[in-house]
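Engineer: I have a structure here, written as structure tokens, and I will follow up with some questions on it.
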Amino acid sequence: MGYEFDFSFIWDFWPDLAWGALETVLLSGASIILGFVAGAGLAVAKVHGSRTVSTLANIYVEAIRNTPLVVQAFWLFFGLAAMGLRMPAFYAAIVTLVINVSAYTAEIIRAGMESIPKGQFEAADCLALSRRQVLFHVELPQAVERVYPALISQSVLMMLASSIMSQISVEELTGAAYGIQSITFRGFEIYIVVAVIYLLLSVLMRFAMEGIAQLAFTRRRRLGTPL
Amino acid sequence: MTNIVEFHNVRKSYGALEVLKGVSLSVPKGSVVALIGRSGSGKSTALRCVNGLESIQGGELNVCGRKLHEAGVKLRELRKDVGIVFQSYNLFPHKTVEENITLSPRLTRGLSKAQAREVAQRVLAQVGLSEKAASYPEQLSGGQQQRVAIARSLAMEPELMLFDEVTSALDPELTGEVLKTIEALAKGGMTMILVTHEMAFAKRVANQIVFMHQGVVWETGDGRMLDAPQTPELRNFIGNGL
Amino acid sequence: MGSSVTIAHYILMLQGMLWTIGLSLMGFVGGTIVGLPIAIGRISQSKALRRSLGLYIALIQGIPLPILMFLCYFGISVAGFNVPALVAAGMAMTAYASAYLAEIWRGSLQSVPKAQWEAAECLALTRLQRMVHVILPQAVKISIPPTIGFLVQIVKNTSYAVVIGFAELTYTARLINNSTFKPFVVFTVAAVLYFAICFPLSHFSRRLERKLKRA
């Protein structure tokens, strides 16, 4: 025992940590938005697609959900390199995260779609709306609103999981910490600091996503209905 | 007078269960037809056939000049002419009253936002809810929600309105306001078919009452038919119903 | 460009898979030992206890698992011990699994109908007797599908031990890729091995859930 904690080095490295945190935020933000669009598309394919389309969507979702994110990242990053394609690690990380999170988002949104009462569709049909109009004006808005809390949790989990992208040399928060550790050899201290930053980021992220809900779901805002 | 709806020997089955066993019935323009009968008599199914929610398997069904028994009927076009109001209102909970009403006129008839709002104001005035345009469905009583559902259908400017047990989910005091709205529409000359349990209302408002039993039109006539039923089945039904 | 992937490599990957299974079991067993008391503590009458356990769960769930791995790895060495990465990884998996399992089981306990708790109280049973004889048997039934579902997360997330160099399946695959430079072959095989463990668990969990819902 007798280890002496020393956090003083943090002051020399705070710009690295700040950049790392910013990169984590950008990485997560981009992946959440793109993953949401892709996930909604997959959910629609699962629910409304032809037999072939929905089977393909199912296979995709199951394949992604039953394999680790790290393996997916290695497969894509090292695979592209082996094919002689150079993609910056940051973009490879976004592609991997979008592929990954879209499969989870698809399952969440599908559950939301299936929880909408049948009468809503009957009413929409009887108002002469096309299938596309029903989807965009009746089905998806209600589905997303119903499952939004699950989407928040999913997004926070994804932000935390993005830390593994340090393994394909993305200089996000964990990558920055790894770099600092290899210079200072203060591994325990630096990861305590980074853990605290991740905790703050997850709180901020919940906060931001609840703010988005306030903007997106007019009814909730006007009536003060909790999510 | 021209008929807006004509059933000729219409048949409809769910699997082995035949629900409509040859229904014949015509609805002249501007008239009000009330379908009555026990649950399972086929009255709701007959109504739902009129705007294509159910397909028919035999006979002929003409609605607003379209032959629903033939292949290739454009259901979306049909539904611009035939409005329907359901027992469970089916308003869109995430949209305001006005948005519920303007959605279809804007999307299917290409009305501008301003034009659609004008339509909404007009139909809301018709159902007596002008001040509720900005409310959400969950802020309204059941009776008010049902009147909004009626306004939403009216905004399509249909030739024919269908009402499927629209007061069955409502308390007696709320039933009255909805029936009053429908009665006013009838006086305004709207052609309509109603499935209802409100015998006094049917008698007062309908030009023609159709008693359905076991999938066929068992007895039909004007309001007086309820005072002097010709068949034991109708007598029995009224005896239990009133 | 690299050498081909040989039988020896595949055998190494199977060994890695065994370590993945071993680490998963450590996480599940450790997570149960720590998580079950937390789940019960979360519904205790003491507000302070509920709050502090809630804080523990929020902390663990708000920190990335790779960071937990690092914290355990460096924490042990700071404490003056020199232990293999397996121990650090096992500790991190235990902490991680305990937080999520505790939440799953708290939910299961709370979904036992209130009438059952009241009925048990009326039988003059002590709190412990009520828990053991009345509540737990019912809660266990409810908890099985989500617990098996979480096993899938445990198995997949053992791959994060790659950051501290523990030679489970992902780390082994990465080493083999470094020497053979055949990423598509190597990582596809790794993915298939993970899938072979996870998919049956996912499928089983979903089937049990449907069965429970119907009953």
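We name chains A, B, ... following the order of the structure tokens; residues begin at 1 in each chain, and ligands are numbered from 1 as shown.
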Can you write out as a tab-separated table which residues of stretch 154-219 of chain A fall within 8 Å of stretch 28-46 of chain A, alongside each residue's closest atom pair and its distance in Å to one decimal, counting only C-alpha atoms and ordering rows by chain and ascending residue number?

Structural biologist:
```
residue	atom	partner	partner_atom	distance
A:Ser155	CA	A:Ile32	CA	6.4
A:Met158	CA	A:Ser28	CA	7.1
A:Met159	CA	A:Ser28	CA	5.3
A:Ser162	CA	A:Ser28	CA	7.0
```

Engineer: Keeping only N, CA and C atoms, write the selected residues as a PDB file, in the first residue's frame.

Structural biologist:
```pdb
ATOM      1  N   SER A 155     -29.385   5.787 -26.174  1.00  0.00           N
ATOM      2  CA  SER A 155     -28.397   6.758 -26.644  1.00  0.00           C
ATOM      3  C   SER A 155     -27.280   6.950 -25.618  1.00  0.00           C
ATOM      4  N   MET A 158     -25.024   4.068 -25.817  1.00  0.00           N
ATOM      5  CA  MET A 158     -24.173   4.142 -27.004  1.00  0.00           C
ATOM      6  C   MET A 158     -23.025   5.116 -26.799  1.00  0.00           C
ATOM      7  N   MET A 159     -23.318   6.242 -26.147  1.00  0.00           N
ATOM      8  CA  MET A 159     -22.256   7.213 -25.876  1.00  0.00           C
ATOM      9  C   MET A 159     -21.161   6.554 -25.032  1.00  0.00           C
ATOM     10  N   SER A 162     -19.120   4.171 -27.014  1.00  0.00           N
ATOM     11  CA  SER A 162     -18.221   4.776 -28.001  1.00  0.00           C
ATOM     12  C   SER A 162     -16.790   4.848 -27.467  1.00  0.00           C
TER      13      SER A 162
END
```

Engineer: Which residues are near B:Glu6? Cut-off 10 Å, only C-alpha atoms, ignore same chain within fewer than 3 positions. Put them as a ChimeraX atom specification.

Structural biologist: /B:3,9-10,23-28,50,60-65,67

Engineer: Mind writing the picked residues with N, CA and C atoms as a short mmCIF file (atom, residue, chain, number, x, y, z; two decimals), in the first residue's frame?

Structural biologist:
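Contents of part29.cif, freshly written:
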```cif
data_model
loop_
_atom_site.label_atom_id
_atom_site.label_comp_id
_atom_site.auth_asym_id
_atom_site.auth_seq_id
_atom_site.Cartn_x
_atom_site.Cartn_y
_atom_site.Cartn_z
N ASN B 3 -79.91 6.98 -56.18
CA ASN B 3 -79.42 6.29 -55.00
C ASN B 3 -77.91 6.49 -54.87
N ASN B 9 -78.11 -8.04 -52.98
CA ASN B 9 -77.79 -9.42 -52.61
C ASN B 9 -76.33 -9.59 -52.15
N VAL B 10 -75.85 -8.64 -51.32
CA VAL B 10 -74.44 -8.63 -50.92
C VAL B 10 -74.14 -9.74 -49.91
N VAL B 23 -77.70 -9.17 -48.67
CA VAL B 23 -78.32 -7.93 -48.20
C VAL B 23 -78.68 -7.06 -49.41
N SER B 24 -79.93 -6.61 -49.46
CA SER B 24 -80.34 -5.68 -50.50
C SER B 24 -80.93 -4.44 -49.84
N LEU B 25 -80.52 -3.29 -50.36
CA LEU B 25 -80.83 -2.06 -49.63
C LEU B 25 -80.43 -0.88 -50.50
N SER B 26 -81.26 0.18 -50.54
CA SER B 26 -80.79 1.36 -51.26
C SER B 26 -80.98 2.62 -50.44
N VAL B 27 -80.04 3.54 -50.64
CA VAL B 27 -80.03 4.79 -49.89
C VAL B 27 -80.10 5.95 -50.87
N PRO B 28 -81.26 6.62 -50.98
CA PRO B 28 -81.37 7.75 -51.90
C PRO B 28 -80.61 8.96 -51.38
N VAL B 50 -69.49 -0.31 -46.97
CA VAL B 50 -69.82 0.85 -47.81
C VAL B 50 -68.58 1.68 -48.13
N GLU B 60 -73.75 -7.26 -55.55
CA GLU B 60 -73.24 -6.00 -56.09
C GLU B 60 -73.40 -4.91 -55.06
N LEU B 61 -72.41 -4.01 -55.01
CA LEU B 61 -72.48 -2.88 -54.09
C LEU B 61 -72.02 -1.63 -54.81
N ASN B 62 -72.95 -0.70 -55.05
CA ASN B 62 -72.60 0.56 -55.71
C ASN B 62 -72.61 1.67 -54.68
N VAL B 63 -71.51 2.43 -54.62
CA VAL B 63 -71.42 3.55 -53.68
C VAL B 63 -70.88 4.76 -54.42
N CYS B 64 -71.65 5.83 -54.45
CA CYS B 64 -71.22 7.07 -55.11
C CYS B 64 -70.72 6.79 -56.53
N GLY B 65 -71.45 5.97 -57.23
CA GLY B 65 -71.10 5.71 -58.62
C GLY B 65 -69.94 4.74 -58.83
N LYS B 67 -68.39 0.81 -58.40
CA LYS B 67 -68.83 -0.58 -58.23
C LYS B 67 -67.84 -1.30 -57.33
#
```

Engineer: Just want the 8 Å neighbourhood of B:Leu107, counted on only C-alpha atoms, with same-chain residues fewer than 3 positions away dropped. Output as a ChimeraX atom specification.

Structural biologist: /A:129,133 /B:103-104,110-111

Engineer: Give me, as a VMD selection string, the residues of chain C touching chain A, with the criterion being at most 8 Å (counting only C-alpha atoms).

Structural biologist: chain C and resid 59 62 to 67 70 to 71 74 to 75 78 to 80 152 156 to 157 159 to 160 163 170 174 181 to 184 187 to 188 190 to 192 194 to 195 198 to 199 202

Engineer: Write out, as a PDB file, in the first residue's frame, the residues just selected, with C-alpha atoms.

Structural biologist:
```pdb
ATOM      1  CA  LEU C  59     -22.450   5.442 -10.976  1.00  0.00           C
ATOM      2  CA  GLY C  62     -22.891   6.044 -16.093  1.00  0.00           C
ATOM      3  CA  ILE C  63     -19.294   4.871 -16.564  1.00  0.00           C
ATOM      4  CA  PRO C  64     -18.231   2.976 -19.703  1.00  0.00           C
ATOM      5  CA  LEU C  65     -17.306  -0.637 -19.057  1.00  0.00           C
ATOM      6  CA  PRO C  66     -13.833  -0.198 -20.659  1.00  0.00           C
ATOM      7  CA  ILE C  67     -13.171   2.538 -18.091  1.00  0.00           C
ATOM      8  CA  PHE C  70      -9.038   0.208 -16.516  1.00  0.00           C
ATOM      9  CA  LEU C  71     -10.061   1.339 -13.019  1.00  0.00           C
ATOM     10  CA  PHE C  74      -4.855   0.110 -12.278  1.00  0.00           C
ATOM     11  CA  GLY C  75      -6.667   0.121  -8.931  1.00  0.00           C
ATOM     12  CA  VAL C  78      -2.133   0.806  -6.953  1.00  0.00           C
ATOM     13  CA  ALA C  79      -3.257  -1.253  -3.976  1.00  0.00           C
ATOM     14  CA  GLY C  80       0.048  -3.043  -4.286  1.00  0.00           C
ATOM     15  CA  VAL C 152     -26.302 -11.796 -23.861  1.00  0.00           C
ATOM     16  CA  LYS C 156     -20.830  -9.483 -25.631  1.00  0.00           C
ATOM     17  CA  ASN C 157     -19.396  -7.007 -23.156  1.00  0.00           C
ATOM     18  CA  SER C 159     -15.062  -8.201 -25.259  1.00  0.00           C
ATOM     19  CA  TYR C 160     -14.272  -4.871 -23.574  1.00  0.00           C
ATOM     20  CA  VAL C 163      -8.539  -2.884 -23.424  1.00  0.00           C
ATOM     21  CA  THR C 170     -11.765 -10.554 -29.226  1.00  0.00           C
ATOM     22  CA  ARG C 174      -6.956  -9.167 -32.822  1.00  0.00           C
ATOM     23  CA  PHE C 181      -3.587  -9.580 -41.753  1.00  0.00           C
ATOM     24  CA  LYS C 182      -6.811 -11.349 -42.728  1.00  0.00           C
ATOM     25  CA  PRO C 183      -9.343  -9.197 -40.874  1.00  0.00           C
ATOM     26  CA  PHE C 184     -12.482 -10.337 -42.685  1.00  0.00           C
ATOM     27  CA  PHE C 187     -13.254 -11.168 -37.220  1.00  0.00           C
ATOM     28  CA  THR C 188     -16.033 -12.961 -39.084  1.00  0.00           C
ATOM     29  CA  ALA C 190     -14.978 -14.288 -33.986  1.00  0.00           C
ATOM     30  CA  ALA C 191     -18.401 -12.757 -34.715  1.00  0.00           C
ATOM     31  CA  VAL C 192     -19.832 -16.182 -35.601  1.00  0.00           C
ATOM     32  CA  TYR C 194     -20.112 -14.811 -30.313  1.00  0.00           C
ATOM     33  CA  PHE C 195     -23.310 -15.234 -32.300  1.00  0.00           C
ATOM     34  CA  CYS C 198     -25.623 -15.110 -27.880  1.00  0.00           C
ATOM     35  CA  PHE C 199     -28.326 -15.918 -30.402  1.00  0.00           C
ATOM     36  CA  SER C 202     -31.630 -14.144 -27.061  1.00  0.00           C
TER      37      SER C 202
END
```

Engineer: Out of stretch 61-162 of chain B, which residues get alpha helix (DSSP H) from DSSP, as a VMD selection string?

Structural biologist: chain B and resid 75 to 81 97 to 108 113 to 126 142 to 154

Engineer: Got a sec: who's within 10 Å of A:Leu223, counting only C-alpha atoms, leaving out chain neighbours fewer than 6 positions off, as a list in words?

Structural biologist: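 Non-adjacent residues within range: Ser135, Tyr136, Glu138 and Gln139 of chain B.
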
Engineer: Could you save those same residues with N, CA and C atoms as a compact mmCIF listing (two decimals), in the first residue's frame?

Structural biologist:
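The result, stored in again.txt:
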```txt
# COMPACT_ATOMS: atom_id res chain seq x y z
N SER B 135 -57.07 22.86 -28.84
CA SER B 135 -56.97 21.85 -27.77
C SER B 135 -56.46 20.53 -28.33
N TYR B 136 -55.99 19.69 -27.43
CA TYR B 136 -55.63 18.32 -27.81
C TYR B 136 -56.78 17.39 -27.40
N GLU B 138 -57.06 14.77 -25.70
CA GLU B 138 -57.15 14.32 -24.31
C GLU B 138 -57.71 15.40 -23.38
N GLN B 139 -57.78 16.65 -23.87
CA GLN B 139 -58.35 17.72 -23.03
C GLN B 139 -59.87 17.83 -23.17
```

Engineer: Can you list, as an MDAnalysis selection string, every residue of stretch 45-228 of chain B that DSSP puts in strand (DSSP E or B)?

Structural biologist: chainID B and resid 58:63 66:67 82:85 160:164 191:195 208:213 216:221

Engineer: Using only C-alpha atoms, which protein or nucleic acid residues come within 8 Å of stretch 73-89 of chain B? Drop anything in the same chain fewer than 3 positions from it, and give the result as number ranges by chain.

Structural biologist: A: 119, 125-130; B: 51-52, 64, 66-68, 70, 145-146, 149-150, 153-154, 156-169

Engineer: Report the closest atom pair, with its distance in Å rounded to one decimal, for each residue of chain A that has an atom no farther than 12 Å from chain B; count only C-alpha atoms, sort by chain and then rising residue number, and write it as CSV.

Structural biologist:
```
residue,atom,partner,partner_atom,distance
A:Ile116,CA,B:Phe92,CA,10.7
A:Pro117,CA,B:Asn90,CA,8.8
A:Lys118,CA,B:Asn90,CA,9.1
A:Gly119,CA,B:Asn90,CA,5.6
A:Gln120,CA,B:Asn90,CA,5.5
A:Phe121,CA,B:Asn90,CA,8.7
A:Glu122,CA,B:Leu53,CA,8.0
A:Ala123,CA,B:Asn90,CA,6.1
A:Ala124,CA,B:Ser104,CA,8.5
A:Asp125,CA,B:Arg76,CA,7.7
A:Cys126,CA,B:Arg79,CA,5.7
A:Leu127,CA,B:Ser104,CA,6.0
A:Ala128,CA,B:Arg76,CA,4.6
A:Leu129,CA,B:Ser104,CA,6.6
A:Ser130,CA,B:Arg76,CA,7.5
A:Arg131,CA,B:Arg76,CA,10.3
A:Arg132,CA,B:Leu107,CA,10.9
A:Gln133,CA,B:Leu107,CA,7.8
A:Val134,CA,B:Ser104,CA,10.2
A:Phe136,CA,B:Leu107,CA,11.5
A:His137,CA,B:Leu103,CA,8.5
A:Val138,CA,B:Phe92,CA,7.2
A:Glu139,CA,B:Phe92,CA,9.8
A:Leu140,CA,B:His94,CA,11.0
A:Pro141,CA,B:His94,CA,7.8
A:Gln142,CA,B:His94,CA,6.8
A:Ala143,CA,B:His94,CA,10.5
A:Val144,CA,B:His94,CA,11.1
A:Glu145,CA,B:His94,CA,8.8
A:Arg146,CA,B:His94,CA,10.5
A:Ala216,CA,B:His94,CA,10.9
A:Phe217,CA,B:His94,CA,7.9
A:Thr218,CA,B:His94,CA,8.0
A:Arg219,CA,B:His94,CA,6.3
A:Arg220,CA,B:His94,CA,8.8
A:Arg221,CA,B:His94,CA,11.4
A:Arg222,CA,B:Tyr136,CA,9.2
A:Leu223,CA,B:Tyr136,CA,8.6
A:Thr225,CA,B:Glu138,CA,10.9
```

Engineer: Could the residues in this selection be written to a file with C-alpha atoms, as a PDB file, in the first residue's frame?

Structural biologist:
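Result file part04.pdb:
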```pdb
ATOM      1  CA  ILE A 116     -50.424   1.885 -31.542  1.00  0.00           C
ATOM      2  CA  PRO A 117     -54.145   1.011 -31.434  1.00  0.00           C
ATOM      3  CA  LYS A 118     -55.580  -0.394 -34.689  1.00  0.00           C
ATOM      4  CA  GLY A 119     -58.284   2.289 -34.747  1.00  0.00           C
ATOM      5  CA  GLN A 120     -55.667   4.916 -35.550  1.00  0.00           C
ATOM      6  CA  PHE A 121     -54.863   3.205 -38.840  1.00  0.00           C
ATOM      7  CA  GLU A 122     -58.490   2.616 -39.686  1.00  0.00           C
ATOM      8  CA  ALA A 123     -59.238   6.308 -39.113  1.00  0.00           C
ATOM      9  CA  ALA A 124     -56.249   7.367 -41.207  1.00  0.00           C
ATOM     10  CA  ASP A 125     -57.272   5.018 -44.042  1.00  0.00           C
ATOM     11  CA  CYS A 126     -60.789   6.404 -43.962  1.00  0.00           C
ATOM     12  CA  LEU A 127     -59.417   9.932 -44.293  1.00  0.00           C
ATOM     13  CA  ALA A 128     -57.999   8.798 -47.652  1.00  0.00           C
ATOM     14  CA  LEU A 129     -54.370   9.080 -46.538  1.00  0.00           C
ATOM     15  CA  SER A 130     -51.853   7.073 -48.538  1.00  0.00           C
ATOM     16  CA  ARG A 131     -49.703   4.434 -46.806  1.00  0.00           C
ATOM     17  CA  ARG A 132     -46.782   6.824 -46.859  1.00  0.00           C
ATOM     18  CA  GLN A 133     -48.824   9.631 -45.339  1.00  0.00           C
ATOM     19  CA  VAL A 134     -50.129   7.303 -42.628  1.00  0.00           C
ATOM     20  CA  PHE A 136     -45.141   9.782 -41.545  1.00  0.00           C
ATOM     21  CA  HIS A 137     -48.092  11.632 -40.026  1.00  0.00           C
ATOM     22  CA  VAL A 138     -49.747   9.015 -37.824  1.00  0.00           C
ATOM     23  CA  GLU A 139     -47.606   5.952 -37.182  1.00  0.00           C
ATOM     24  CA  LEU A 140     -43.996   7.074 -36.732  1.00  0.00           C
ATOM     25  CA  PRO A 141     -44.689  10.266 -34.716  1.00  0.00           C
ATOM     26  CA  GLN A 142     -46.775   8.315 -32.204  1.00  0.00           C
ATOM     27  CA  ALA A 143     -44.361   5.377 -32.097  1.00  0.00           C
ATOM     28  CA  VAL A 144     -41.344   7.579 -31.426  1.00  0.00           C
ATOM     29  CA  GLU A 145     -43.160   9.531 -28.759  1.00  0.00           C
ATOM     30  CA  ARG A 146     -44.219   6.338 -27.017  1.00  0.00           C
ATOM     31  CA  ALA A 216     -40.337  17.764 -30.795  1.00  0.00           C
ATOM     32  CA  PHE A 217     -43.447  16.700 -28.915  1.00  0.00           C
ATOM     33  CA  THR A 218     -45.593  19.844 -28.868  1.00  0.00           C
ATOM     34  CA  ARG A 219     -48.375  18.142 -26.966  1.00  0.00           C
ATOM     35  CA  ARG A 220     -46.098  17.138 -24.074  1.00  0.00           C
ATOM     36  CA  ARG A 221     -44.825  20.682 -23.823  1.00  0.00           C
ATOM     37  CA  ARG A 222     -48.265  22.257 -23.939  1.00  0.00           C
ATOM     38  CA  LEU A 223     -49.948  19.850 -21.564  1.00  0.00           C
ATOM     39  CA  THR A 225     -47.283  15.432 -19.769  1.00  0.00           C
TER      40      THR A 225
END
```
